[in-house]
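J.: Got a structure here, written out as structure tokens. Questions coming.
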Amino acid sequence: MTSPVRIIPSLLLSGDRLVKGVGYKDYRDAGSPASSARIYDAQGADELSFLDIDASKKGNPPKLDILKAVAAECATPLTFGGGINTLELASAAIAGGADKVSMTTTAFENPTLITQVAERFGRQACMVGVDVFEDGNRLAFYDHRRDECTSASVEEWILEAQRLGAGEIRISFVNREGRRSGFPIDHMRALRKLISVPMIIEGGAGNLDDVDAAFDVEIDGLILGTMLVFSDNNIVQIKRHLEARKRTIRPW
Amino acid sequence: MRIGIINYGVGNTGSVYNAFWNIGHDPELVSRPEDIAKMDRLVLPGVGTPLPALNSLRSDGLLEAIEESVFKKGTPILGICLGMQLMADRLTEYGEHKGLGWIPGSVEPFETLYDGAPKAPVPHIGWAQIKPQEGRNSPLHDIGGRLYYYYAHTYVFIPKDEADIVATSDHGVNFVCALMKGPIFATQFHPEKSQAKGEKLIERFIDWEPK
């Protein structure tokens, strides 16, 4: 029996507000963190992905007070990321109510951090994010701090991160973020062969059919941003649609 | 009714606290032996790896106080995730560790159940439906509806005695997800992170009269 695919709303924090952008730029206001968390929880979100983008972009310390306020609102699992570059910060995030920490640039710059977090909190609490940019048939490794692609190999880093202790891999398709262009199924299928831990996909969902199509690949979770923030879709409608298509989801 | 959440430095005590609070209880975070003795219900949460957890429990008379309450007075205790795994005889995550030995069995990598052929991604992270055993006086008895709970684990409890199993779940293979022995009730999943069904289970644990 396959496990239900998690439907995971994305909460991006900038200042003390949520925002949503296109291609990691052009951010618009998307509401209050704590009330959004409460609403998604009430709608039956399977997990929340909460990312402090000021901390990840500018190197500010992550806003743990807002994390605590969000954690107090949700009886659903919470993943926190943004600027977690030491074991101490990872510990502070988990003490603040995160069930799992997510590290992207910080993990790539200091891979031993992955092992430290896994040894202290278990692999299941250690998510590594990989930002990718589609370049024809290949995937380029995207560095959001410089807004450019680097020469690093996406595939090699995914294997290395798992070897070091990553318990979950999040793939973000940066060129699709906020553009509602659907998911790149062929790329996802190729990545699945490299990823033995849970694989979480982000970037591209525009409508219910896009979400449904993503289930053609054996993914473990789908992070949704724009579709929940700037359209009249909600998690109950999405799950109802998926259940009608006989997809394996958790009932709401 | 005093509910004590054991605060030993490795649990997600905040989430567990919120879950009890949200259903109308006023739990206390307890770490001193004299406070543990006053509690009518105990919760042993746990997030992390075994070694720091076991070291912390085995210092400052904490473990002795918990065992006094549970085994002498019969105070019901709820173990969650790592809190359940610590109750085994033996754990194998990042080294070999002697567990508390409250429930006979050992904690092994989840892949052990796969018999060589991977059947679903490990770690097991996400929701899974559970199957409570019929006719057992456990807090899971008769909750009703489809019971989905949230998991985040890389290791799994393999109990020696089938009589201790009160529920199983499925992630590519069947595995044990809830145990009961005397005043001990323990779950591999996280009721405090499982929305309405989790809250229901916590209520049932508070009302539970172990036989």
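Ordered as shown in the structure tokens, chains take letters A, B, and onward, while each chain numbers its residues from 1 and ligands are numbered from 1 in the order shown.
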Would you tabulate, counting only C-alpha atoms, all residues of chain B that have an atom at most 6 Å from an atom of chain A, showing the closest pair of atoms and their distance in Å to one decimal, sorted by chain then ascending number, as JSON lines?

T.:
{"residue": "B:Gly48", "atom": "CA", "partner": "A:Phe121", "partner_atom": "CA", "distance": 3.6}
{"residue": "B:Thr49", "atom": "CA", "partner": "A:Gly122", "partner_atom": "CA", "distance": 5.5}
{"residue": "B:Pro121", "atom": "CA", "partner": "A:Val197", "partner_atom": "CA", "distance": 4.9}
{"residue": "B:Val122", "atom": "CA", "partner": "A:Val197", "partner_atom": "CA", "distance": 5.2}
{"residue": "B:Pro123", "atom": "CA", "partner": "A:Gln124", "partner_atom": "CA", "distance": 5.6}
{"residue": "B:Ala152", "atom": "CA", "partner": "A:Gln124", "partner_atom": "CA", "distance": 5.6}
{"residue": "B:His153", "atom": "CA", "partner": "A:Gln124", "partner_atom": "CA", "distance": 5.7}
{"residue": "B:Gly172", "atom": "CA", "partner": "A:Met1", "partner_atom": "CA", "distance": 5.5}
{"residue": "B:Lys193", "atom": "CA", "partner": "A:Thr76", "partner_atom": "CA", "distance": 4.7}
{"residue": "B:Ser194", "atom": "CA", "partner": "A:Thr76", "partner_atom": "CA", "distance": 5.9}
{"residue": "B:Gln195", "atom": "CA", "partner": "A:Ala75", "partner_atom": "CA", "distance": 5.0}

J.: With N, CA and C atoms retained, write the just-selected residues as an mmCIF file, in the first residue's frame.

T.:
data_model
loop_
_atom_site.group_PDB
_atom_site.id
_atom_site.type_symbol
_atom_site.label_atom_id
_atom_site.label_comp_id
_atom_site.auth_asym_id
_atom_site.auth_seq_id
_atom_site.Cartn_x
_atom_site.Cartn_y
_atom_site.Cartn_z
ATOM 1 N N GLY B 48 14.253 13.177 18.112
ATOM 2 C CA GLY B 48 15.712 13.152 18.140
ATOM 3 C C GLY B 48 16.240 11.749 18.130
ATOM 4 N N THR B 49 17.472 11.598 18.588
ATOM 5 C CA THR B 49 18.149 10.312 18.546
ATOM 6 C C THR B 49 18.309 9.786 19.978
ATOM 7 N N PRO B 121 9.662 4.917 0.551
ATOM 8 C CA PRO B 121 10.819 5.705 0.996
ATOM 9 C C PRO B 121 11.003 5.694 2.517
ATOM 10 N N VAL B 122 12.255 5.638 2.917
ATOM 11 C CA VAL B 122 12.644 5.739 4.330
ATOM 12 C C VAL B 122 13.601 6.922 4.430
ATOM 13 N N PRO B 123 13.461 7.801 5.449
ATOM 14 C CA PRO B 123 12.534 7.765 6.572
ATOM 15 C C PRO B 123 11.057 7.727 6.141
ATOM 16 N N ALA B 152 6.995 10.425 11.692
ATOM 17 C CA ALA B 152 8.300 10.897 11.212
ATOM 18 C C ALA B 152 9.342 10.033 11.899
ATOM 19 N N HIS B 153 9.694 8.920 11.253
ATOM 20 C CA HIS B 153 10.650 8.004 11.901
ATOM 21 C C HIS B 153 11.478 7.247 10.878
ATOM 22 N N GLY B 172 4.362 0.484 2.897
ATOM 23 C CA GLY B 172 5.020 -0.525 2.069
ATOM 24 C C GLY B 172 4.914 -1.899 2.709
ATOM 25 N N LYS B 193 0.377 15.960 16.588
ATOM 26 C CA LYS B 193 0.522 16.579 15.272
ATOM 27 C C LYS B 193 -0.479 15.979 14.309
ATOM 28 N N SER B 194 -1.533 15.377 14.834
ATOM 29 C CA SER B 194 -2.470 14.654 13.979
ATOM 30 C C SER B 194 -3.882 15.224 14.032
ATOM 31 N N GLN B 195 -3.977 16.544 14.219
ATOM 32 C CA GLN B 195 -5.250 17.250 14.122
ATOM 33 C C GLN B 195 -6.346 16.566 14.944
#

J.: Report, in Å with one decimal, the straight-line distance from CA of Pro50 (chain B) to CA of Arg163 (chain A).

T.: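 Between CA of Pro50 (chain B) and CA of Arg163 (chain A) the gap is 20.6 Å.
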
J.: Could you give me, as a ChimeraX atom specification, each residue of region 123-166 of chain A that DSSP assigns to strand (DSSP E or B) when run on this structure's backbone?

T.: /A:126-135,138-143,148-153

J.: Which residues are near Leu113 (chain B)? Cut-off 10 Å, only C-alpha atoms, ignore same chain within fewer than 4 positions. Put them as an MDAnalysis selection string.

T.: chainID B and resid 108:109 117:119 156 158 172:175

J.: Output the selection as an mmCIF file, in the first residue's frame - C-alpha atoms for each residue.

T.:
data_model
loop_
_atom_site.group_PDB
_atom_site.id
_atom_site.type_symbol
_atom_site.label_atom_id
_atom_site.label_comp_id
_atom_site.auth_asym_id
_atom_site.auth_seq_id
_atom_site.Cartn_x
_atom_site.Cartn_y
_atom_site.Cartn_z
ATOM 1 C CA GLU B 108 15.724 -1.471 14.264
ATOM 2 C CA PRO B 109 16.091 0.461 10.984
ATOM 3 C CA ALA B 117 13.593 -4.960 -1.456
ATOM 4 C CA PRO B 118 12.740 -1.287 -0.750
ATOM 5 C CA LYS B 119 8.957 -0.859 -0.761
ATOM 6 C CA VAL B 156 10.820 0.952 14.090
ATOM 7 C CA ILE B 158 9.914 -4.664 16.919
ATOM 8 C CA GLY B 172 5.020 -0.525 2.069
ATOM 9 C CA VAL B 173 4.899 -3.187 4.786
ATOM 10 C CA ASN B 174 2.939 -3.693 7.964
ATOM 11 C CA PHE B 175 4.582 -2.333 11.104
#

J.: Hey, what's within 9 Å of His97 (chain B) if we count only C-alpha atoms and toss same-chain stuff fewer than 3 positions away? As an MDAnalysis selection string, please?

T.: chainID B and resid 50:51 54 89:94

J.: For the residues selected in the previous step, produce a file with N, CA and C atoms as a PDB file, in the first residue's frame.

T.:
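What ended up in again_33.pdb:
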ATOM      1  N   PRO B  50      18.513   8.470  20.151  1.00  0.00           N
ATOM      2  CA  PRO B  50      18.419   7.870  21.479  1.00  0.00           C
ATOM      3  C   PRO B  50      19.452   8.343  22.506  1.00  0.00           C
ATOM      4  N   LEU B  51      20.699   8.526  22.089  1.00  0.00           N
ATOM      5  CA  LEU B  51      21.750   8.719  23.088  1.00  0.00           C
ATOM      6  C   LEU B  51      21.523   9.928  23.994  1.00  0.00           C
ATOM      7  N   LEU B  54      18.486   9.178  26.328  1.00  0.00           N
ATOM      8  CA  LEU B  54      18.720   8.222  27.412  1.00  0.00           C
ATOM      9  C   LEU B  54      19.616   8.834  28.484  1.00  0.00           C
ATOM     10  N   ASP B  89      14.191  -2.806  24.929  1.00  0.00           N
ATOM     11  CA  ASP B  89      15.408  -3.299  25.580  1.00  0.00           C
ATOM     12  C   ASP B  89      16.654  -2.729  24.916  1.00  0.00           C
ATOM     13  N   ARG B  90      16.521  -2.512  23.588  1.00  0.00           N
ATOM     14  CA  ARG B  90      17.725  -2.225  22.828  1.00  0.00           C
ATOM     15  C   ARG B  90      17.381  -1.291  21.674  1.00  0.00           C
ATOM     16  N   LEU B  91      18.264  -0.301  21.419  1.00  0.00           N
ATOM     17  CA  LEU B  91      18.088   0.611  20.282  1.00  0.00           C
ATOM     18  C   LEU B  91      19.363   0.603  19.453  1.00  0.00           C
ATOM     19  N   THR B  92      19.224   0.882  18.151  1.00  0.00           N
ATOM     20  CA  THR B  92      20.384   0.718  17.270  1.00  0.00           C
ATOM     21  C   THR B  92      20.651   1.949  16.405  1.00  0.00           C
ATOM     22  N   GLU B  93      20.076   3.107  16.760  1.00  0.00           N
ATOM     23  CA  GLU B  93      20.244   4.303  15.931  1.00  0.00           C
ATOM     24  C   GLU B  93      21.503   5.060  16.364  1.00  0.00           C
ATOM     25  N   TYR B  94      22.421   5.288  15.436  1.00  0.00           N
ATOM     26  CA  TYR B  94      23.709   5.916  15.738  1.00  0.00           C
ATOM     27  C   TYR B  94      24.372   5.249  16.941  1.00  0.00           C
TER      28      TYR B  94
END
